[in-house]
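Source file: model-v1.csv. Holds: CSV, C-alpha atoms.
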chain,number,residue,atom,x,y,z
A,1,MET,CA,4.7,-18.9,-43.0
A,2,SER,CA,4.3,-17.7,-39.4
A,3,LYS,CA,3.2,-20.0,-36.6
A,4,PHE,CA,2.1,-17.1,-34.5
A,5,TYR,CA,0.8,-14.3,-36.7
A,6,GLY,CA,-2.4,-14.1,-38.6
A,7,THR,CA,-4.0,-11.5,-40.8
A,8,ALA,CA,-5.1,-9.3,-37.8
A,9,HIS,CA,-1.5,-9.4,-36.4
A,10,ARG,CA,0.0,-8.4,-39.7
A,11,GLU,CA,-2.4,-5.6,-40.2
A,12,LEU,CA,-1.4,-4.1,-36.8
A,13,GLN,CA,2.3,-4.7,-37.4
A,14,ASP,CA,2.1,-3.0,-40.7
A,15,ALA,CA,0.1,-0.1,-39.3
A,16,PHE,CA,2.8,0.6,-36.7
A,17,ASP,CA,5.8,-0.4,-38.9
A,18,SER,CA,6.7,-3.3,-36.6
A,19,ARG,CA,6.6,-6.3,-39.0
A,20,ARG,CA,10.4,-6.5,-39.0
A,21,LEU,CA,10.5,-6.6,-35.2
A,22,ALA,CA,7.7,-9.2,-35.1
A,23,ASP,CA,9.6,-11.4,-37.5
A,24,LEU,CA,12.7,-10.9,-35.4
A,25,MET,CA,10.8,-12.0,-32.3
A,26,GLU,CA,9.5,-15.1,-33.9
A,27,GLY,CA,12.6,-16.1,-35.8
A,28,GLY,CA,15.4,-14.9,-33.5
A,29,VAL,CA,14.1,-14.5,-30.0
A,30,MET,CA,11.4,-17.2,-29.4
A,31,HIS,CA,12.9,-20.6,-28.8
A,32,GLY,CA,11.7,-24.1,-27.7
A,33,GLU,CA,14.2,-25.1,-25.0
A,34,PHE,CA,15.1,-23.6,-21.7
A,35,ALA,CA,18.4,-21.8,-21.4
A,36,PRO,CA,20.3,-22.3,-18.1
A,37,HIS,CA,19.5,-18.7,-16.9
A,38,GLU,CA,15.8,-19.3,-17.7
A,39,ILE,CA,15.8,-22.4,-15.6
A,40,ASP,CA,17.3,-20.5,-12.7
A,41,PHE,CA,14.8,-17.7,-13.1
A,42,ILE,CA,11.7,-19.9,-13.2
A,43,GLN,CA,12.8,-22.1,-10.3
A,44,SER,CA,13.4,-19.0,-8.2
A,45,ARG,CA,9.9,-17.7,-8.7
A,46,ASP,CA,7.2,-17.8,-6.1
A,47,MET,CA,4.3,-17.0,-8.4
A,48,PHE,CA,3.2,-16.8,-12.1
A,49,PHE,CA,0.1,-16.1,-14.1
A,50,LEU,CA,-1.5,-19.0,-15.9
A,51,ALA,CA,-3.6,-18.5,-19.1
A,52,SER,CA,-5.9,-21.2,-20.4
A,53,VAL,CA,-8.9,-21.6,-22.7
A,54,ASP,CA,-12.2,-23.1,-21.8
A,55,PRO,CA,-14.2,-25.5,-24.0
A,56,THR,CA,-16.1,-22.6,-25.6
A,57,GLY,CA,-13.0,-20.7,-26.5
A,58,ARG,CA,-13.2,-18.1,-23.7
A,59,PRO,CA,-9.7,-17.3,-22.4
A,60,THR,CA,-9.1,-16.9,-18.6
A,61,VAL,CA,-6.0,-16.1,-16.5
A,62,SER,CA,-5.3,-17.1,-12.9
A,63,TYR,CA,-2.6,-16.4,-10.4
A,64,LYS,CA,-0.6,-19.4,-9.1
A,65,GLY,CA,1.6,-19.0,-6.0
A,66,GLY,CA,3.7,-21.1,-3.8
A,67,ALA,CA,7.0,-21.3,-2.0
A,68,PRO,CA,10.0,-20.1,-4.1
A,69,GLY,CA,10.9,-23.0,-6.5
A,70,PHE,CA,7.4,-24.5,-6.6
A,71,VAL,CA,7.7,-24.6,-10.4
A,72,ARG,CA,10.3,-27.1,-11.4
A,73,ILE,CA,12.0,-27.6,-14.8
A,74,THR,CA,12.0,-31.3,-15.6
A,75,GLY,CA,13.6,-31.3,-19.0
A,76,PRO,CA,14.8,-29.0,-21.8
A,77,GLN,CA,11.1,-28.6,-22.9
A,78,SER,CA,9.1,-29.4,-19.8
A,79,LEU,CA,8.1,-28.1,-16.4
A,80,VAL,CA,5.8,-29.1,-13.6
A,81,PHE,CA,3.9,-27.2,-10.8
A,82,PRO,CA,1.6,-28.2,-8.0
A,83,TRP,CA,-2.1,-27.5,-7.9
A,84,TYR,CA,-3.2,-26.5,-4.4
A,85,ASP,CA,-6.7,-26.3,-2.8
A,86,GLY,CA,-8.8,-23.5,-4.3
A,87,ASN,CA,-12.4,-22.4,-4.6
A,88,GLY,CA,-13.6,-25.7,-5.9
A,89,MET,CA,-14.3,-24.4,-9.5
A,90,PHE,CA,-11.2,-26.1,-11.0
A,91,TYR,CA,-11.8,-23.7,-13.9
A,92,SER,CA,-8.3,-23.4,-15.2
A,93,ALA,CA,-7.6,-27.1,-14.3
A,94,GLY,CA,-10.7,-28.2,-16.2
A,95,ASN,CA,-9.6,-26.0,-19.1
A,96,ILE,CA,-6.3,-27.8,-19.2
A,97,ALA,CA,-7.9,-31.2,-19.0
A,98,ALA,CA,-10.2,-30.3,-21.9
A,99,LYS,CA,-8.0,-28.2,-24.1
A,100,GLY,CA,-4.4,-28.3,-22.9
A,101,LYS,CA,-3.2,-25.1,-24.4
A,102,VAL,CA,-1.6,-22.8,-21.8
A,103,GLY,CA,0.5,-19.7,-21.4
A,104,LEU,CA,2.6,-19.0,-18.3
A,105,LEU,CA,4.0,-15.5,-17.4
A,106,PHE,CA,6.8,-15.4,-14.8
A,107,ILE,CA,7.6,-12.0,-13.3
A,108,ASP,CA,10.3,-10.7,-11.0
A,109,PHE,CA,8.8,-7.5,-9.6
A,110,ALA,CA,12.0,-6.6,-7.7
A,111,THR,CA,14.5,-6.6,-10.6
A,112,PRO,CA,12.2,-6.3,-12.7
A,113,ASN,CA,12.2,-9.1,-15.3
A,114,ARG,CA,9.7,-11.4,-17.0
A,115,LEU,CA,9.6,-14.5,-19.1
A,116,ARG,CA,6.8,-16.1,-21.2
A,117,VAL,CA,6.2,-19.8,-21.8
A,118,GLN,CA,3.6,-21.4,-24.0
A,119,GLY,CA,2.8,-25.0,-24.4
A,120,GLU,CA,0.6,-28.0,-24.0
A,121,ALA,CA,-0.3,-29.1,-20.4
A,122,ARG,CA,-1.9,-32.1,-18.7
A,123,LEU,CA,-2.9,-33.0,-15.2
A,124,LEU,CA,-0.9,-35.7,-13.4
A,125,ARG,CA,-2.9,-37.2,-10.5
A,126,GLY,CA,-1.9,-39.8,-7.9
A,127,LYS,CA,1.8,-40.5,-7.1
A,128,ALA,CA,3.0,-37.4,-9.1
A,129,ALA,CA,1.5,-35.1,-6.4
A,130,ALA,CA,3.5,-36.6,-3.6
A,131,GLN,CA,6.6,-34.6,-4.5
A,132,PHE,CA,4.7,-31.4,-3.6
A,133,PRO,CA,3.2,-31.5,0.0
A,134,GLY,CA,-0.3,-30.2,0.0
A,135,ALA,CA,-0.9,-30.6,-3.8
A,136,LEU,CA,-4.1,-32.1,-5.1
A,137,PHE,CA,-2.3,-33.0,-8.3
A,138,VAL,CA,0.5,-31.8,-10.6
A,139,VAL,CA,0.4,-29.9,-13.9
A,140,GLU,CA,3.0,-30.9,-16.5
A,141,THR,CA,3.6,-28.6,-19.4
A,142,VAL,CA,5.5,-29.5,-22.6
A,143,VAL,CA,6.9,-26.3,-24.0
A,144,GLU,CA,6.2,-25.0,-27.5
A,145,SER,CA,7.9,-21.5,-27.2
A,146,ILE,CA,9.8,-19.4,-24.7
A,147,TRP,CA,10.7,-15.8,-24.9
A,148,VAL,CA,11.8,-12.8,-22.8
A,149,ASN,CA,9.3,-10.0,-22.5
A,150,CYS,CA,10.5,-6.4,-22.2
A,151,PRO,CA,10.2,-5.4,-18.5
A,152,ARG,CA,9.9,-1.7,-19.0
A,153,TYR,CA,6.3,-1.4,-17.8
A,154,ILE,CA,6.7,-3.6,-14.7
A,155,HIS,CA,6.4,-1.4,-11.6
A,156,PRO,CA,9.1,-2.5,-9.0
A,157,HIS,CA,7.6,-4.0,-5.9
A,158,GLU,CA,9.3,-5.4,-2.8
A,159,LYS,CA,8.2,-8.7,-1.4
A,160,ILE,CA,7.3,-8.7,2.3
A,161,ALA,CA,6.8,-12.4,3.0
A,162,ASN,CA,5.5,-15.7,1.7
A,163,SER,CA,1.8,-16.3,1.9
A,164,ARG,CA,0.8,-18.0,5.1
A,165,TYR,CA,-1.4,-20.3,3.1
A,166,VAL,CA,1.4,-22.0,1.2
A,167,PRO,CA,1.4,-25.6,2.5
A,168,ASP,CA,4.1,-26.5,4.9
A,169,ALA,CA,6.4,-29.6,4.6
A,170,ALA,CA,3.6,-31.8,5.9
A,171,GLY,CA,1.1,-30.3,3.4
A,172,GLU,CA,-0.8,-28.4,6.1
A,173,ALA,CA,-2.1,-24.8,5.6
A,174,PRO,CA,-4.5,-22.5,7.5
A,175,LEU,CA,-8.2,-22.6,6.6
A,176,PRO,CA,-8.9,-19.7,4.1
A,177,GLY,CA,-11.3,-17.0,5.4
A,178,TRP,CA,-13.9,-17.5,2.7
A,179,LYS,CA,-14.5,-21.1,3.9
A,180,ARG,CA,-15.8,-19.5,7.1
A,181,LEU,CA,-18.6,-17.6,5.2
A,182,ASP,CA,-22.1,-18.5,6.3
A,183,ILE,CA,-23.2,-19.0,2.7
A,184,ALA,CA,-20.4,-21.5,2.1
A,185,GLN,CA,-21.1,-23.9,5.0
A,186,GLU,CA,-23.3,-26.3,3.1
A,187,ALA,CA,-21.0,-26.2,0.1
A,188,ILE,CA,-17.6,-26.9,1.6
A,189,ARG,CA,-16.3,-30.3,2.3
A,190,PRO,CA,-17.1,-31.9,5.7
A,191,ASP,CA,-13.5,-31.9,6.8
A,192,ASP,CA,-13.3,-28.1,6.2
A,193,ARG,CA,-16.5,-27.6,8.2
A,194,GLU,CA,-14.8,-29.2,11.1
A,195,LYS,CA,-12.1,-26.6,10.9
A,196,VAL,CA,-14.3,-23.6,10.9
A,197,GLU,CA,-14.8,-23.3,14.7
A,198,GLU,CA,-11.1,-23.8,15.2
A,199,ALA,CA,-10.4,-20.9,12.8
A,200,GLY,CA,-12.8,-18.5,14.6
A,201,GLY,CA,-16.3,-19.6,13.6
A,202,VAL,CA,-18.7,-18.7,10.9
A,203,ILE,CA,-18.7,-15.2,9.6
A,204,ASP,CA,-21.0,-13.1,7.3
A,205,ALA,CA,-20.1,-11.2,4.2
A,206,GLU,CA,-19.4,-7.9,6.0
A,207,ALA,CA,-16.9,-9.6,8.3
A,208,TYR,CA,-15.2,-11.3,5.4
A,209,ALA,CA,-15.0,-7.9,3.5
A,210,GLY,CA,-13.2,-6.6,6.6
A,211,MET,CA,-10.7,-9.5,6.5
A,212,LEU,CA,-10.0,-8.8,2.8
A,213,GLN,CA,-9.3,-5.2,3.6
A,214,ARG,CA,-6.8,-6.2,6.2
A,215,GLY,CA,-5.2,-8.7,3.9
A,216,GLU,CA,-6.4,-11.6,6.0
A,217,GLY,CA,-8.7,-13.4,3.5
Take the structure I supplied and represent it as structure tokens, if you would.
Amino acid sequence: MSKFYGTAHRELQDAFDSRRLADLMEGGVMHGEFAPHEIDFIQSRDMFFLASVDPTGRPTVSYKGGAPGFVRITGPQSLVFPWYDGNGMFYSAGNIAAKGKVGLLFIDFATPNRLRVQGEARLLRGKAAAQFPGALFVVETVVESIWVNCPRYIHPHEKIANSRYVPDAAGEAPLPGWKRLDIAQEAIRPDDREKVEEAGGVIDAEAYAGMLQRGEG
């Protein structure tokens, strides 16, 4: 009995004669504990993609970035990563709080290489966030399955620099451009409103679009 495949999966596998490969993936490739080289790989990453499911069953995926090593392996079957300031929706975080099921995709665009992790996550607030300057809270994931994904369709890219918005050692980071938007002023926190003038003042949608095109958003 498969833990991963249902009727629809099997129909496609049989249609393309890949059931044997699928069974090999589940039985011989997927595993539940991090290997040493997988720990090194994950802890060298500066980004990953996070998949979660909302309370109605709709899936969503988001990009999570930080300084290299911002994801930390805390045990054979566990990892943690910080949650930094975002757009205020807390969409993925709320999904985790409500459902817990997550998928994480780690990619090295230079080599290229990629690794998938699936598990159950929870939010850790309070003291747990202190280990990550600038974090609002921490997400802990207990791993269910890990496996290497074939890298053949990853287009090689070269990294230029870390994002300037990654919090520094004191947890400080520049104000993001969208918080300067005129339509956002009544919605952002008072402490952010105080930073708007220092960052250059209030801007309209056209000015913000220009910032995005220049990579300054």
- Excluding segment 2-13 of chain A and any residue of its chain fewer than 4 positions from it, enumerate the residues within 9 Å of it, using only C-alpha atoms, and give them as a PyMOL selection string. chain A and resi 17-23+26
- For each of A:Phe34, A:Val80, A:Pro133, A:Val202, take the minimum atom-to-atom distance to Glu186 of chain A, counting only C-alpha atoms, then give the residue where this is smallest. A:Val202
- Would you kindly identify which residues have an atom no farther than 7 Å from (17.8, -28.6, -20.6), using only C-alpha atoms and the file's own coordinates, and write them out as a list of chain:residue names?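 Here is the list of nearby residues: A:Glu33, A:Phe34, A:Ala35, A:Gly75, A:Pro76.
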- Message: Within 9 Å of (-0.7, -20.3, 1.5) in the file's own coordinates, which protein, DNA or RNA residues have an atom, counting all atoms listed in the file? List them as a list in words.
- Response: Gly65, Gly66, Ala67, Tyr84, Asn162, Ser163, Arg164, Tyr165, Val166, Pro167, Asp168, Ala173, Pro174 and Pro176 of chain A
Quick one: which segment 82-165 of chain A residues come within 12 Å of segment 41-47 of chain A, and what is the nearest atom pair for each with the distance in Å to one decimal, counting only C-alpha atoms, rows ordered by chain and ascending number, as a tab-separated table?
residue	atom	partner	partner_atom	distance
A:Pro82	CA	A:Met47	CA	11.5
A:Leu104	CA	A:Met47	CA	10.2
A:Leu105	CA	A:Met47	CA	9.1
A:Phe106	CA	A:Ile42	CA	6.8
A:Ile107	CA	A:Arg45	CA	7.7
A:Asp108	CA	A:Arg45	CA	7.4
A:Phe109	CA	A:Arg45	CA	10.3
A:Ala110	CA	A:Arg45	CA	11.3
A:Thr111	CA	A:Phe41	CA	11.4
A:Pro112	CA	A:Phe41	CA	11.7
A:Asn113	CA	A:Phe41	CA	9.2
A:Arg114	CA	A:Phe41	CA	9.0
A:Leu115	CA	A:Ile42	CA	8.3
A:Arg116	CA	A:Ile42	CA	10.1
A:Val117	CA	A:Ile42	CA	10.2
A:Ile146	CA	A:Ile42	CA	11.7
A:Val148	CA	A:Phe41	CA	11.3
A:Lys159	CA	A:Asp46	CA	10.3
A:Ala161	CA	A:Asp46	CA	10.6
A:Asn162	CA	A:Asp46	CA	8.3
A:Ser163	CA	A:Asp46	CA	9.8
Output C-alpha atoms for every residue in that selection, as a compact mmCIF listing (two decimals), in the coordinates of the input.
# COMPACT_ATOMS: atom_id res chain seq x y z
CA PRO A 82 1.60 -28.20 -8.00
CA LEU A 104 2.60 -19.00 -18.30
CA LEU A 105 4.00 -15.50 -17.40
CA PHE A 106 6.80 -15.40 -14.80
CA ILE A 107 7.60 -12.00 -13.30
CA ASP A 108 10.30 -10.70 -11.00
CA PHE A 109 8.80 -7.50 -9.60
CA ALA A 110 12.00 -6.60 -7.70
CA THR A 111 14.50 -6.60 -10.60
CA PRO A 112 12.20 -6.30 -12.70
CA ASN A 113 12.20 -9.10 -15.30
CA ARG A 114 9.70 -11.40 -17.00
CA LEU A 115 9.60 -14.50 -19.10
CA ARG A 116 6.80 -16.10 -21.20
CA VAL A 117 6.20 -19.80 -21.80
CA ILE A 146 9.80 -19.40 -24.70
CA VAL A 148 11.80 -12.80 -22.80
CA LYS A 159 8.20 -8.70 -1.40
CA ALA A 161 6.80 -12.40 3.00
CA ASN A 162 5.50 -15.70 1.70
CA SER A 163 1.80 -16.30 1.90
- Point-to-point distance from atom CA of Ser78 of chain A to atom CA of Ile96 of chain A, Å rounded to tenths: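 Computed distance, atom CA of Ser78 of chain A to atom CA of Ile96 of chain A, equals 15.5 Å.
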- Nearest residue to Glu140 of chain A from the set A:Glu158, A:Glu172, A:Glu120, A:Asp14 (distances using all atoms listed in the file):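 Among A:Glu158, A:Glu172, A:Glu120, A:Asp14, it is A:Glu120 that comes nearest to Glu140 of chain A.
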- Message: Please compute the atom CA of Pro68 of chain A-atom CA of Phe81 of chain A distance, one decimal, in Å.
- Response: 11.5 Å
- Nearest to Val196 of chain A: which of A:Ala209, A:Leu181, A:Met30, A:Ile73 is it, counting only C-alpha atoms? A:Leu181
- Message: Can you measure atom CA of Glu198 of chain A to atom CA of Leu136 of chain A for me? One decimal in Å is fine.
- Response: 23.0 Å
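Nearest residue to Thr74 of chain A among A:Val143, A:Leu123, A:Cys150, A:Ala129 is A:Val143, counting only C-alpha atoms.
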- Message: Please determine, counting all atoms listed in the file, which residue among A:Arg122, A:His37, A:Arg152, A:Lys101 has the shortest atom-to-atom distance to Thr60 of chain A.
- Response: A:Lys101
- Near-Gly57 of chain A list (12 Å; only C-alpha atoms; drop same-chain fewer than 4 positions) as a ChimeraX atom specification: /A:52-53,95,98-99,101
- Task: Return the single residue from A:Gly177, A:Gly201, A:Asp192, A:Ala170 that is closest to Gly215 of chain A, with distances computed using all atoms listed in the file.
- Result: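 Between A:Gly177, A:Gly201, A:Asp192, A:Ala170, the residue approaching Gly215 of chain A most closely is A:Gly177.
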Would you mind completing segment 154-190 of chain A to N, CA and C atoms and writing the output as a JSON list (two decimals), in the frame of the given file?
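The file below, result-v3.json, is the result:
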[["chain", "number", "residue", "atom", "x", "y", "z"],
["A", 154, "ILE", "N", 6.93, -2.90, -15.98],
["A", 154, "ILE", "CA", 6.70, -3.60, -14.70],
["A", 154, "ILE", "C", 7.11, -2.59, -13.59],
["A", 155, "HIS", "N", 6.16, -2.31, -12.71],
["A", 155, "HIS", "CA", 6.40, -1.40, -11.60],
["A", 155, "HIS", "C", 7.16, -2.20, -10.50],
["A", 156, "PRO", "N", 8.33, -1.73, -10.07],
["A", 156, "PRO", "CA", 9.10, -2.50, -9.00],
["A", 156, "PRO", "C", 8.31, -2.54, -7.73],
["A", 157, "HIS", "N", 8.27, -3.75, -7.16],
["A", 157, "HIS", "CA", 7.60, -4.00, -5.90],
["A", 157, "HIS", "C", 8.58, -4.79, -4.99],
["A", 158, "GLU", "N", 8.46, -4.61, -3.69],
["A", 158, "GLU", "CA", 9.30, -5.40, -2.80],
["A", 158, "GLU", "C", 8.42, -6.41, -2.06],
["A", 159, "LYS", "N", 8.89, -7.65, -2.04],
["A", 159, "LYS", "CA", 8.20, -8.70, -1.40],
["A", 159, "LYS", "C", 8.32, -8.59, 0.14],
["A", 160, "ILE", "N", 7.23, -8.79, 0.86],
["A", 160, "ILE", "CA", 7.30, -8.70, 2.30],
["A", 160, "ILE", "C", 7.48, -10.10, 2.92],
["A", 161, "ALA", "N", 6.69, -11.08, 2.45],
["A", 161, "ALA", "CA", 6.80, -12.40, 3.00],
["A", 161, "ALA", "C", 6.06, -13.41, 2.11],
["A", 162, "ASN", "N", 6.31, -14.71, 2.34],
["A", 162, "ASN", "CA", 5.50, -15.70, 1.70],
["A", 162, "ASN", "C", 4.10, -15.73, 2.24],
["A", 163, "SER", "N", 3.13, -16.11, 1.43],
["A", 163, "SER", "CA", 1.80, -16.30, 1.90],
["A", 163, "SER", "C", 1.70, -17.31, 3.01],
["A", 164, "ARG", "N", 0.95, -17.05, 4.06],
["A", 164, "ARG", "CA", 0.80, -18.00, 5.10],
["A", 164, "ARG", "C", 0.02, -19.25, 4.72],
["A", 165, "TYR", "N", -0.61, -19.16, 3.54],
["A", 165, "TYR", "CA", -1.40, -20.30, 3.10],
["A", 165, "TYR", "C", -0.64, -21.28, 2.23],
["A", 166, "VAL", "N", 0.62, -21.01, 1.95],
["A", 166, "VAL", "CA", 1.40, -22.00, 1.20],
["A", 166, "VAL", "C", 1.58, -23.23, 2.12],
["A", 167, "PRO", "N", 1.26, -24.41, 1.63],
["A", 167, "PRO", "CA", 1.40, -25.60, 2.50],
["A", 167, "PRO", "C", 2.78, -25.81, 3.02],
["A", 168, "ASP", "N", 2.84, -26.28, 4.28],
["A", 168, "ASP", "CA", 4.10, -26.50, 4.90],
["A", 168, "ASP", "C", 4.68, -27.89, 4.45],
["A", 169, "ALA", "N", 5.78, -28.32, 5.04],
["A", 169, "ALA", "CA", 6.40, -29.60, 4.60],
["A", 169, "ALA", "C", 5.54, -30.78, 4.81],
["A", 170, "ALA", "N", 4.55, -30.66, 5.70],
["A", 170, "ALA", "CA", 3.60, -31.80, 5.90],
["A", 170, "ALA", "C", 2.36, -31.62, 5.06],
["A", 171, "GLY", "N", 2.31, -30.55, 4.25],
["A", 171, "GLY", "CA", 1.10, -30.30, 3.40],
["A", 171, "GLY", "C", 0.01, -29.60, 4.10],
["A", 172, "GLU", "N", 0.25, -29.08, 5.31],
["A", 172, "GLU", "CA", -0.80, -28.40, 6.10],
["A", 172, "GLU", "C", -0.78, -26.90, 5.79],
["A", 173, "ALA", "N", -1.97, -26.29, 5.86],
["A", 173, "ALA", "CA", -2.10, -24.80, 5.60],
["A", 173, "ALA", "C", -3.34, -24.35, 6.40],
["A", 174, "PRO", "N", -3.37, -23.07, 6.80],
["A", 174, "PRO", "CA", -4.50, -22.50, 7.50],
["A", 174, "PRO", "C", -5.79, -22.57, 6.64],
["A", 175, "LEU", "N", -6.93, -22.61, 7.28],
["A", 175, "LEU", "CA", -8.20, -22.60, 6.60],
["A", 175, "LEU", "C", -8.38, -21.16, 5.98],
["A", 176, "PRO", "N", -8.65, -21.01, 4.67],
["A", 176, "PRO", "CA", -8.90, -19.70, 4.10],
["A", 176, "PRO", "C", -10.15, -19.05, 4.66],
["A", 177, "GLY", "N", -10.14, -17.73, 4.76],
["A", 177, "GLY", "CA", -11.30, -17.00, 5.40],
["A", 177, "GLY", "C", -12.59, -17.26, 4.69],
["A", 178, "TRP", "N", -12.60, -17.40, 3.37],
["A", 178, "TRP", "CA", -13.90, -17.50, 2.70],
["A", 178, "TRP", "C", -14.60, -18.84, 3.05],
["A", 179, "LYS", "N", -13.86, -19.83, 3.53],
["A", 179, "LYS", "CA", -14.50, -21.10, 3.90],
["A", 179, "LYS", "C", -15.26, -20.93, 5.26],
["A", 180, "ARG", "N", -15.09, -19.79, 5.91],
["A", 180, "ARG", "CA", -15.80, -19.50, 7.10],
["A", 180, "ARG", "C", -17.15, -18.77, 6.85],
["A", 181, "LEU", "N", -17.34, -18.34, 5.60],
["A", 181, "LEU", "CA", -18.60, -17.60, 5.20],
["A", 181, "LEU", "C", -19.80, -18.43, 5.50],
["A", 182, "ASP", "N", -20.85, -17.78, 6.02],
["A", 182, "ASP", "CA", -22.10, -18.50, 6.30],
["A", 182, "ASP", "C", -22.70, -19.14, 5.08],
["A", 183, "ILE", "N", -22.61, -18.44, 3.94],
["A", 183, "ILE", "CA", -23.20, -19.00, 2.70],
["A", 183, "ILE", "C", -22.45, -20.17, 2.15],
["A", 184, "ALA", "N", -21.23, -20.40, 2.66],
["A", 184, "ALA", "CA", -20.40, -21.50, 2.10],
["A", 184, "ALA", "C", -20.51, -22.78, 2.92],
["A", 185, "GLN", "N", -21.14, -22.72, 4.08],
["A", 185, "GLN", "CA", -21.10, -23.90, 5.00],
["A", 185, "GLN", "C", -21.67, -25.15, 4.43],
["A", 186, "GLU", "N", -22.72, -25.05, 3.67],
["A", 186, "GLU", "CA", -23.30, -26.30, 3.10],
["A", 186, "GLU", "C", -22.59, -26.75, 1.86],
["A", 187, "ALA", "N", -21.69, -25.90, 1.32],
["A", 187, "ALA", "CA", -21.00, -26.20, 0.10],
["A", 187, "ALA", "C", -19.60, -26.80, 0.30],
["A", 188, "ILE", "N", -18.96, -26.39, 1.39],
["A", 188, "ILE", "CA", -17.60, -26.90, 1.60],
["A", 188, "ILE", "C", -17.58, -28.30, 2.07],
["A", 189, "ARG", "N", -16.41, -28.93, 1.97],
["A", 189, "ARG", "CA", -16.30, -30.30, 2.30],
["A", 189, "ARG", "C", -16.46, -30.51, 3.86],
["A", 190, "PRO", "N", -16.93, -31.67, 4.29],
["A", 190, "PRO", "CA", -17.10, -31.90, 5.70],
["A", 190, "PRO", "C", -15.86, -31.69, 6.56]]
